[in-house]
$ cat input-v3.tsv   # TSV, N, CA and C atoms
chain	number	residue	atom	x	y	z
A	1	MET	N	-20.02	-39.23	15.89
A	1	MET	CA	-20.15	-38.11	14.99
A	1	MET	C	-19.81	-36.79	15.66
A	2	TYR	N	-20.11	-36.68	16.94
A	2	TYR	CA	-19.83	-35.43	17.66
A	2	TYR	C	-18.35	-35.37	18.02
A	3	LEU	N	-17.79	-34.15	17.98
A	3	LEU	CA	-16.39	-33.95	18.35
A	3	LEU	C	-16.29	-33.69	19.85
A	4	ASN	N	-15.30	-34.30	20.46
A	4	ASN	CA	-15.09	-33.97	21.87
A	4	ASN	C	-14.30	-32.65	21.94
A	5	LEU	N	-14.11	-32.14	23.10
A	5	LEU	CA	-13.50	-30.83	23.30
A	5	LEU	C	-12.07	-30.78	22.76
A	6	VAL	N	-11.28	-31.82	22.95
A	6	VAL	CA	-9.89	-31.85	22.49
A	6	VAL	C	-9.84	-31.82	20.96
A	7	GLU	N	-10.68	-32.64	20.31
A	7	GLU	CA	-10.71	-32.66	18.85
A	7	GLU	C	-11.17	-31.33	18.29
A	8	LEU	N	-12.14	-30.70	18.94
A	8	LEU	CA	-12.62	-29.40	18.51
A	8	LEU	C	-11.53	-28.35	18.62
A	9	MET	N	-10.77	-28.37	19.71
A	9	MET	CA	-9.67	-27.42	19.89
A	9	MET	C	-8.59	-27.63	18.83
A	10	LYS	N	-8.28	-28.89	18.49
A	10	LYS	CA	-7.30	-29.18	17.45
A	10	LYS	C	-7.77	-28.65	16.10
A	11	LEU	N	-9.05	-28.82	15.80
A	11	LEU	CA	-9.61	-28.33	14.55
A	11	LEU	C	-9.54	-26.81	14.48
A	12	ILE	N	-9.90	-26.15	15.54
A	12	ILE	CA	-9.84	-24.68	15.58
A	12	ILE	C	-8.40	-24.21	15.42
A	13	PHE	N	-7.46	-24.87	16.08
A	13	PHE	CA	-6.05	-24.50	15.97
A	13	PHE	C	-5.55	-24.64	14.53
A	14	CYS	N	-5.91	-25.73	13.87
A	14	CYS	CA	-5.50	-25.94	12.47
A	14	CYS	C	-6.07	-24.87	11.55
A	15	VAL	N	-7.32	-24.52	11.73
A	15	VAL	CA	-7.95	-23.50	10.90
A	15	VAL	C	-7.27	-22.16	11.12
A	16	LEU	N	-7.01	-21.80	12.38
A	16	LEU	CA	-6.33	-20.54	12.68
A	16	LEU	C	-4.92	-20.52	12.12
A	17	LEU	N	-4.24	-21.63	12.19
A	17	LEU	CA	-2.89	-21.73	11.66
A	17	LEU	C	-2.88	-21.51	10.14
A	18	MET	N	-3.85	-22.12	9.45
A	18	MET	CA	-3.94	-21.93	7.99
A	18	MET	C	-4.19	-20.48	7.64
A	19	PHE	N	-5.15	-19.84	8.30
A	19	PHE	CA	-5.46	-18.45	8.00
A	19	PHE	C	-4.33	-17.53	8.40
A	20	GLY	N	-3.68	-17.80	9.52
A	20	GLY	CA	-2.57	-16.96	9.98
A	20	GLY	C	-1.39	-17.01	9.04
A	21	SER	N	-1.05	-18.19	8.54
A	21	SER	CA	0.09	-18.31	7.64
A	21	SER	C	-0.22	-17.70	6.28
A	22	SER	N	-1.45	-17.81	5.81
A	22	SER	CA	-1.77	-17.20	4.52
A	22	SER	C	-1.81	-15.69	4.62
A	23	ALA	N	-2.17	-15.16	5.78
A	23	ALA	CA	-2.17	-13.70	5.95
A	23	ALA	C	-0.75	-13.17	5.98
A	24	ALA	N	0.18	-13.91	6.57
A	24	ALA	CA	1.56	-13.45	6.67
A	24	ALA	C	2.26	-13.46	5.32
A	25	TYR	N	1.89	-14.39	4.46
A	25	TYR	CA	2.55	-14.49	3.16
A	25	TYR	C	1.59	-14.11	2.03
A	26	GLY	N	0.57	-13.35	2.33
A	26	GLY	CA	-0.45	-13.01	1.36
A	26	GLY	C	0.00	-11.98	0.34
A	27	GLN	N	-0.87	-11.72	-0.58
A	27	GLN	CA	-0.59	-10.78	-1.65
A	27	GLN	C	-0.58	-9.32	-1.18
A	28	ASN	N	-1.34	-9.02	-0.14
A	28	ASN	CA	-1.54	-7.64	0.24
A	28	ASN	C	-1.50	-7.53	1.76
A	29	MET	N	-0.38	-7.06	2.31
A	29	MET	CA	-0.20	-7.01	3.75
A	29	MET	C	-0.03	-5.56	4.21
A	30	GLN	N	-0.74	-5.18	5.26
A	30	GLN	CA	-0.63	-3.83	5.79
A	30	GLN	C	0.60	-3.72	6.68
A	31	LEU	N	1.33	-2.60	6.55
A	31	LEU	CA	2.52	-2.34	7.35
A	31	LEU	C	2.28	-1.14	8.27
A	32	LEU	N	2.98	-1.09	9.39
A	32	LEU	CA	2.89	0.06	10.29
A	32	LEU	C	3.77	1.20	9.82
A	33	SER	N	4.94	0.86	9.25
A	33	SER	CA	5.85	1.87	8.73
A	33	SER	C	6.72	1.23	7.66
A	34	TYR	N	7.42	2.10	6.89
A	34	TYR	CA	8.32	1.61	5.86
A	34	TYR	C	9.41	2.64	5.63
A	35	LYS	N	10.67	2.19	5.70
A	35	LYS	CA	11.80	3.07	5.43
A	35	LYS	C	12.15	2.95	3.95
A	36	ALA	N	11.96	4.04	3.23
A	36	ALA	CA	12.12	4.05	1.78
A	36	ALA	C	13.58	4.32	1.37
A	37	SER	N	13.83	4.22	0.07
A	37	SER	CA	15.17	4.42	-0.47
A	37	SER	C	15.68	5.85	-0.28
A	38	ASN	N	14.78	6.80	-0.05
A	38	ASN	CA	15.20	8.20	0.18
A	38	ASN	C	15.54	8.46	1.65
A	39	GLY	N	15.49	7.42	2.49
A	39	GLY	CA	15.85	7.54	3.90
A	39	GLY	C	14.71	7.93	4.82
A	40	VAL	N	13.55	8.22	4.28
A	40	VAL	CA	12.40	8.62	5.09
A	40	VAL	C	11.65	7.39	5.57
A	41	GLU	N	11.26	7.39	6.85
A	41	GLU	CA	10.41	6.33	7.37
A	41	GLU	C	8.97	6.82	7.30
A	42	TYR	N	8.19	6.22	6.41
A	42	TYR	CA	6.81	6.62	6.19
A	42	TYR	C	5.89	5.89	7.16
A	43	LYS	N	4.93	6.63	7.74
A	43	LYS	CA	3.96	6.08	8.69
A	43	LYS	C	2.59	6.67	8.41
A	44	SER	N	1.56	5.99	8.86
A	44	SER	CA	0.20	6.51	8.72
A	44	SER	C	0.10	7.86	9.42
A	45	GLY	N	-0.63	8.78	8.79
A	45	GLY	CA	-0.82	10.11	9.35
A	45	GLY	C	0.20	11.13	8.86
A	46	MET	N	1.31	10.66	8.27
A	46	MET	CA	2.32	11.59	7.76
A	46	MET	C	1.83	12.28	6.49
A	47	LEU	N	2.42	13.42	6.19
A	47	LEU	CA	2.14	14.11	4.94
A	47	LEU	C	3.27	13.82	3.96
A	48	VAL	N	2.91	13.55	2.72
A	48	VAL	CA	3.87	13.26	1.66
A	48	VAL	C	3.88	14.46	0.72
A	49	HIS	N	5.09	14.96	0.41
A	49	HIS	CA	5.23	16.10	-0.48
A	49	HIS	C	5.32	15.61	-1.92
A	50	LEU	N	4.45	16.12	-2.77
A	50	LEU	CA	4.42	15.73	-4.17
A	50	LEU	C	5.31	16.64	-5.00
A	51	GLY	N	6.04	16.03	-5.91
A	51	GLY	CA	6.87	16.79	-6.85
A	51	GLY	C	6.06	17.08	-8.11
A	52	GLN	N	6.68	16.82	-9.25
A	52	GLN	CA	6.02	17.05	-10.53
A	52	GLN	C	5.62	15.72	-11.14
A	53	GLY	N	4.42	15.65	-11.70
A	53	GLY	CA	3.95	14.44	-12.36
A	53	GLY	C	4.76	14.12	-13.60
A	54	THR	N	4.90	12.83	-13.91
A	54	THR	CA	5.70	12.41	-15.06
A	54	THR	C	4.86	11.78	-16.16
A	55	GLY	N	3.55	11.81	-16.01
A	55	GLY	CA	2.67	11.21	-17.00
A	55	GLY	C	2.23	12.21	-18.07
A	56	VAL	N	1.28	11.78	-18.86
A	56	VAL	CA	0.70	12.63	-19.90
A	56	VAL	C	0.07	13.85	-19.23
A	57	ASP	N	0.26	15.02	-19.79
A	57	ASP	CA	-0.25	16.28	-19.24
A	57	ASP	C	0.22	16.52	-17.81
A	58	ARG	N	1.39	15.98	-17.47
A	58	ARG	CA	2.01	16.15	-16.15
A	58	ARG	C	1.19	15.56	-15.00
A	59	CYS	N	0.28	14.62	-15.33
A	59	CYS	CA	-0.43	13.91	-14.25
A	59	CYS	C	0.58	12.99	-13.57
A	60	PHE	N	0.22	12.46	-12.42
A	60	PHE	CA	1.13	11.63	-11.64
A	60	PHE	C	1.00	10.18	-12.09
A	61	ARG	N	2.02	9.70	-12.77
A	61	ARG	CA	2.03	8.36	-13.35
A	61	ARG	C	2.01	7.26	-12.30
A	62	TYR	N	2.60	7.48	-11.13
A	62	TYR	CA	2.72	6.44	-10.11
A	62	TYR	C	1.74	6.64	-8.95
A	63	ILE	N	0.73	7.47	-9.15
A	63	ILE	CA	-0.30	7.69	-8.14
A	63	ILE	C	-1.65	7.48	-8.81
A	64	ASP	N	-2.33	6.37	-8.46
A	64	ASP	CA	-3.57	5.97	-9.12
A	64	ASP	C	-4.74	5.96	-8.14
A	65	SER	N	-5.95	6.16	-8.69
A	65	SER	CA	-7.14	6.19	-7.84
A	65	SER	C	-7.62	4.82	-7.41
A	66	ASN	N	-7.19	3.77	-8.07
A	66	ASN	CA	-7.58	2.41	-7.70
A	66	ASN	C	-6.35	1.58	-7.51
A	67	TYR	N	-6.54	0.45	-6.83
A	67	TYR	CA	-5.45	-0.51	-6.66
A	67	TYR	C	-4.91	-0.88	-8.04
A	68	VAL	N	-3.61	-1.04	-8.12
A	68	VAL	CA	-2.91	-1.23	-9.39
A	68	VAL	C	-3.46	-2.38	-10.21
A	69	GLY	N	-3.93	-3.45	-9.59
A	69	GLY	CA	-4.41	-4.61	-10.33
A	69	GLY	C	-5.82	-4.48	-10.88
A	70	THR	N	-6.51	-3.38	-10.62
A	70	THR	CA	-7.90	-3.26	-11.05
A	70	THR	C	-8.03	-2.32	-12.24
A	71	SER	N	-9.15	-2.42	-12.92
A	71	SER	CA	-9.38	-1.56	-14.08
A	71	SER	C	-10.08	-0.27	-13.63
A	72	GLY	N	-10.13	0.69	-14.51
A	72	GLY	CA	-10.83	1.94	-14.22
A	72	GLY	C	-10.04	2.90	-13.36
A	73	LYS	N	-8.72	2.74	-13.32
A	73	LYS	CA	-7.93	3.63	-12.49
A	73	LYS	C	-7.65	4.95	-13.23
A	74	THR	N	-7.53	6.00	-12.46
A	74	THR	CA	-7.16	7.30	-13.01
A	74	THR	C	-5.98	7.84	-12.23
A	75	ASN	N	-5.12	8.55	-12.92
A	75	ASN	CA	-3.95	9.13	-12.28
A	75	ASN	C	-4.32	10.42	-11.56
A	76	LEU	N	-3.56	10.74	-10.52
A	76	LEU	CA	-3.73	12.00	-9.79
A	76	LEU	C	-3.42	13.14	-10.75
A	77	PRO	N	-4.29	14.15	-10.86
A	77	PRO	CA	-4.06	15.23	-11.82
A	77	PRO	C	-2.89	16.14	-11.44
A	78	SER	N	-2.39	16.86	-12.41
A	78	SER	CA	-1.23	17.73	-12.21
A	78	SER	C	-1.49	18.89	-11.26
A	79	THR	N	-2.76	19.17	-10.95
A	79	THR	CA	-3.07	20.27	-10.03
A	79	THR	C	-2.56	20.02	-8.62
A	80	TYR	N	-2.16	18.79	-8.31
A	80	TYR	CA	-1.62	18.46	-6.99
A	80	TYR	C	-0.10	18.68	-6.90
A	81	GLN	N	0.53	19.14	-7.97
A	81	GLN	CA	1.97	19.36	-7.97
A	81	GLN	C	2.37	20.32	-6.84
A	82	GLY	N	3.37	19.92	-6.05
A	82	GLY	CA	3.86	20.75	-4.95
A	82	GLY	C	3.03	20.69	-3.68
A	83	GLN	N	1.93	19.95	-3.70
A	83	GLN	CA	1.07	19.88	-2.53
A	83	GLN	C	1.43	18.67	-1.65
A	84	PHE	N	0.73	18.55	-0.54
A	84	PHE	CA	0.94	17.45	0.39
A	84	PHE	C	-0.31	16.58	0.43
A	85	ILE	N	-0.10	15.26	0.56
A	85	ILE	CA	-1.21	14.34	0.74
A	85	ILE	C	-0.93	13.50	1.99
A	86	GLU	N	-1.99	13.08	2.68
A	86	GLU	CA	-1.86	12.37	3.94
A	86	GLU	C	-1.90	10.86	3.74
A	87	ILE	N	-0.99	10.16	4.39
A	87	ILE	CA	-0.95	8.70	4.34
A	87	ILE	C	-2.02	8.14	5.27
A	88	ARG	N	-2.88	7.29	4.72
A	88	ARG	CA	-3.87	6.60	5.55
A	88	ARG	C	-3.39	5.21	5.94
A	89	LYS	N	-2.80	4.48	4.97
A	89	LYS	CA	-2.32	3.12	5.21
A	89	LYS	C	-1.08	2.88	4.36
A	90	ILE	N	-0.31	1.87	4.76
A	90	ILE	CA	0.85	1.42	3.98
A	90	ILE	C	0.65	-0.06	3.70
A	91	ARG	N	0.76	-0.43	2.44
A	91	ARG	CA	0.54	-1.82	2.04
A	91	ARG	C	1.74	-2.36	1.28
A	92	GLN	N	2.05	-3.63	1.54
A	92	GLN	CA	3.04	-4.36	0.76
A	92	GLN	C	2.27	-5.32	-0.12
A	93	SER	N	2.57	-5.32	-1.40
A	93	SER	CA	1.86	-6.18	-2.33
A	93	SER	C	2.86	-6.93	-3.20
A	94	GLY	N	2.51	-8.15	-3.57
A	94	GLY	CA	3.37	-8.94	-4.44
A	94	GLY	C	3.64	-10.30	-3.85
A	95	SER	N	4.70	-10.93	-4.33
A	95	SER	CA	5.08	-12.25	-3.85
A	95	SER	C	6.60	-12.35	-3.84
A	96	LYS	N	7.08	-13.38	-3.17
A	96	LYS	CA	8.53	-13.59	-3.11
A	96	LYS	C	9.10	-13.84	-4.51
A	97	LYS	N	8.36	-14.57	-5.31
A	97	LYS	CA	8.81	-14.90	-6.66
A	97	LYS	C	8.85	-13.68	-7.58
A	98	GLU	N	7.79	-12.86	-7.52
A	98	GLU	CA	7.69	-11.70	-8.42
A	98	GLU	C	8.24	-10.42	-7.83
A	99	GLY	N	8.50	-10.42	-6.54
A	99	GLY	CA	8.99	-9.23	-5.86
A	99	GLY	C	7.84	-8.47	-5.22
A	100	TYR	N	8.19	-7.58	-4.29
A	100	TYR	CA	7.19	-6.83	-3.55
A	100	TYR	C	7.24	-5.36	-3.93
A	101	LYS	N	6.09	-4.70	-3.81
A	101	LYS	CA	6.00	-3.25	-3.98
A	101	LYS	C	5.34	-2.69	-2.74
A	102	ILE	N	5.71	-1.47	-2.43
A	102	ILE	CA	5.11	-0.77	-1.30
A	102	ILE	C	4.19	0.31	-1.84
A	103	TYR	N	2.97	0.32	-1.35
A	103	TYR	CA	1.99	1.32	-1.75
A	103	TYR	C	1.55	2.12	-0.54
A	104	LEU	N	1.49	3.43	-0.71
A	104	LEU	CA	0.90	4.31	0.29
A	104	LEU	C	-0.52	4.57	-0.15
A	105	ILE	N	-1.48	4.37	0.72
A	105	ILE	CA	-2.86	4.72	0.40
A	105	ILE	C	-3.09	6.08	1.04
A	106	CYS	N	-3.29	7.08	0.20
A	106	CYS	CA	-3.33	8.47	0.66
A	106	CYS	C	-4.69	9.10	0.41
A	107	LYS	N	-5.05	9.99	1.30
A	107	LYS	CA	-6.31	10.72	1.20
A	107	LYS	C	-6.07	12.03	0.45
A	108	THR	N	-6.84	12.23	-0.61
A	108	THR	CA	-6.77	13.48	-1.36
A	108	THR	C	-8.20	13.91	-1.66
A	109	GLY	N	-8.75	14.71	-0.80
A	109	GLY	CA	-10.13	15.14	-0.98
A	109	GLY	C	-11.08	13.96	-0.82
A	110	PRO	N	-12.00	13.79	-1.78
A	110	PRO	CA	-13.00	12.72	-1.64
A	110	PRO	C	-12.48	11.33	-2.00
A	111	LYS	N	-11.31	11.22	-2.61
A	111	LYS	CA	-10.79	9.94	-3.08
A	111	LYS	C	-9.55	9.51	-2.31
A	112	ASN	N	-9.33	8.20	-2.32
A	112	ASN	CA	-8.06	7.64	-1.88
A	112	ASN	C	-7.24	7.32	-3.11
A	113	TYR	N	-5.94	7.56	-3.04
A	113	TYR	CA	-5.04	7.24	-4.14
A	113	TYR	C	-3.97	6.27	-3.66
A	114	TRP	N	-3.58	5.35	-4.53
A	114	TRP	CA	-2.52	4.39	-4.26
A	114	TRP	C	-1.23	4.93	-4.86
A	115	VAL	N	-0.21	5.12	-4.02
A	115	VAL	CA	1.08	5.65	-4.46
A	115	VAL	C	2.08	4.51	-4.51
A	116	ASP	N	2.63	4.23	-5.69
A	116	ASP	CA	3.72	3.27	-5.83
A	116	ASP	C	4.96	4.00	-5.32
A	117	LEU	N	5.31	3.77	-4.06
A	117	LEU	CA	6.27	4.61	-3.36
A	117	LEU	C	7.64	4.66	-4.01
A	118	GLU	N	8.29	3.54	-4.19
A	118	GLU	CA	9.66	3.54	-4.70
A	118	GLU	C	9.73	4.07	-6.14
A	119	ALA	N	8.77	3.70	-6.98
A	119	ALA	CA	8.75	4.20	-8.36
A	119	ALA	C	8.50	5.72	-8.36
A	120	GLY	N	7.62	6.18	-7.47
A	120	GLY	CA	7.34	7.61	-7.36
A	120	GLY	C	8.54	8.41	-6.90
A	121	ILE	N	9.31	7.85	-5.98
A	121	ILE	CA	10.54	8.52	-5.51
A	121	ILE	C	11.55	8.61	-6.65
A	122	GLN	N	11.76	7.49	-7.35
A	122	GLN	CA	12.74	7.46	-8.45
A	122	GLN	C	12.37	8.42	-9.57
A	123	ALA	N	11.07	8.59	-9.82
A	123	ALA	CA	10.62	9.47	-10.91
A	123	ALA	C	10.53	10.94	-10.47
A	124	GLY	N	10.66	11.21	-9.18
A	124	GLY	CA	10.56	12.59	-8.70
A	124	GLY	C	9.15	13.03	-8.40
A	125	GLU	N	8.21	12.10	-8.40
A	125	GLU	CA	6.83	12.46	-8.05
A	125	GLU	C	6.66	12.59	-6.53
A	126	ILE	N	7.49	11.89	-5.78
A	126	ILE	CA	7.53	12.02	-4.31
A	126	ILE	C	8.86	12.64	-3.97
A	127	VAL	N	8.85	13.77	-3.30
A	127	VAL	CA	10.08	14.49	-2.99
A	127	VAL	C	10.18	14.78	-1.50
A	128	LEU	N	11.38	15.12	-1.05
A	128	LEU	CA	11.57	15.55	0.34
A	128	LEU	C	11.10	16.98	0.47
A	129	GLU	N	10.69	17.35	1.65
A	129	GLU	CA	10.23	18.72	1.88
A	129	GLU	C	11.38	19.70	1.63
A	130	PRO	N	11.08	20.87	1.06
A	130	PRO	CA	12.14	21.85	0.77
A	130	PRO	C	12.74	22.44	2.04
$ encode --input "input-v3.tsv" --output "structure tokens"
Amino acid sequence: MYLNLVELMKLIFCVLLMFGSSAAYGQNMQLLSYKASNGVEYKSGMLVHLGQGTGVDRCFRYIDSNYVGTSGKTNLPSTYQGQFIEIRKIRQSGSKKEGYKIYLICKTGPKNYWVDLEAGIQAGEIVLEP
């Protein structure tokens, strides 16, 4: 009933292999940097320049207070137009079948906001510094 040392090491290796492979191909993976379609390489600690919101009342349609898959999210208000927000983390979310999205998790006062980076760039909510 007891495992010898070799069997125990094999078991530990298998468990680590399973967790390691699922983390590499998981739904939500943290990145160190990301080079976006606008040519900018985004990294943690950088400041992102906000353009004009494209949502209702000029709020930011592609910048939400909660992860995109959860309920109760609110958009960043229009008062942040033209301001800078700091990147805390960069996440890749999605799957090979459905495609991947890159999200910047940014600090704005007391809340963190999730920025759908490529959609925000295309809509003009994320702009290059003047």
$ closest_residue --input "input-v3.tsv" --among "A:Glu129, A:Glu86, A:Asp64, A:Glu98" --to "Trp114 of chain A" --atoms "only C-alpha atoms"
A:Asp64
$ closest_residue --input "input-v3.tsv" --among "A:Asn4, A:Ser44, A:Gln81, A:Ser33" --to "Gly124 of chain A" --atoms "only C-alpha atoms"
A:Gln81
$ residues_around --input "input-v3.tsv" --residues "segment 54-62 of chain A" --least-positions-apart "3" --cutoff "9 Å" --atoms "only C-alpha atoms" --output "list in words"
Asn75, Leu76, Pro77, Ser78, Thr79, Tyr80, Gln81, Trp114, Val115, Asp116, Leu117, Ala119, Gly120, Ala123, Gly124 and Glu125 of chain A
$ atom_distance --input "input-v3.tsv" --atom1 "atom N of Ile87 of chain A" --atom2 "atom N of Leu32 of chain A"
12.9 Å
$ select_by_dssp --input "input-v3.tsv" --residues "segment 19-113 of chain A" --states "helix (DSSP H, G or I)" --output "compact mmCIF listing (two decimals) with N, CA and C atoms, in the frame of the given file"
# COMPACT_ATOMS: atom_id res chain seq x y z
N PHE A 19 -5.15 -19.84 8.30
CA PHE A 19 -5.46 -18.45 8.00
C PHE A 19 -4.33 -17.53 8.40
N GLY A 20 -3.68 -17.80 9.52
CA GLY A 20 -2.57 -16.96 9.98
C GLY A 20 -1.39 -17.01 9.04
N SER A 21 -1.05 -18.19 8.54
CA SER A 21 0.09 -18.31 7.64
C SER A 21 -0.22 -17.70 6.28
N SER A 22 -1.45 -17.81 5.81
CA SER A 22 -1.77 -17.20 4.52
C SER A 22 -1.81 -15.69 4.62
N ALA A 23 -2.17 -15.16 5.78
CA ALA A 23 -2.17 -13.70 5.95
C ALA A 23 -0.75 -13.17 5.98
N ALA A 24 0.18 -13.91 6.57
CA ALA A 24 1.56 -13.45 6.67
C ALA A 24 2.26 -13.46 5.32
N VAL A 56 1.28 11.78 -18.86
CA VAL A 56 0.70 12.63 -19.90
C VAL A 56 0.07 13.85 -19.23
N ASP A 57 0.26 15.02 -19.79
CA ASP A 57 -0.25 16.28 -19.24
C ASP A 57 0.22 16.52 -17.81
N ARG A 58 1.39 15.98 -17.47
CA ARG A 58 2.01 16.15 -16.15
C ARG A 58 1.19 15.56 -15.00
N SER A 78 -2.39 16.86 -12.41
CA SER A 78 -1.23 17.73 -12.21
C SER A 78 -1.49 18.89 -11.26
N THR A 79 -2.76 19.17 -10.95
CA THR A 79 -3.07 20.27 -10.03
C THR A 79 -2.56 20.02 -8.62
N TYR A 80 -2.16 18.79 -8.31
CA TYR A 80 -1.62 18.46 -6.99
C TYR A 80 -0.10 18.68 -6.90
$ atom_distance --input "input-v3.tsv" --atom1 "atom CA of Ala36 of chain A" --atom2 "atom C of Tyr113 of chain A"
17.1 Å
$ select_by_dssp --input "input-v3.tsv" --residues "segment 26-126 of chain A" --states "strand (DSSP E or B)" --output "ChimeraX atom specification"
/A:28-31,33-35,41-43,47-50,60-64,75-76,84-95,99-108,111-116,126
$ closest_residue --input "input-v3.tsv" --among "A:Leu128, A:Ser37, A:Asn28, A:Gly51" --to "Ser95 of chain A" --atoms "all atoms listed in the file"
A:Asn28
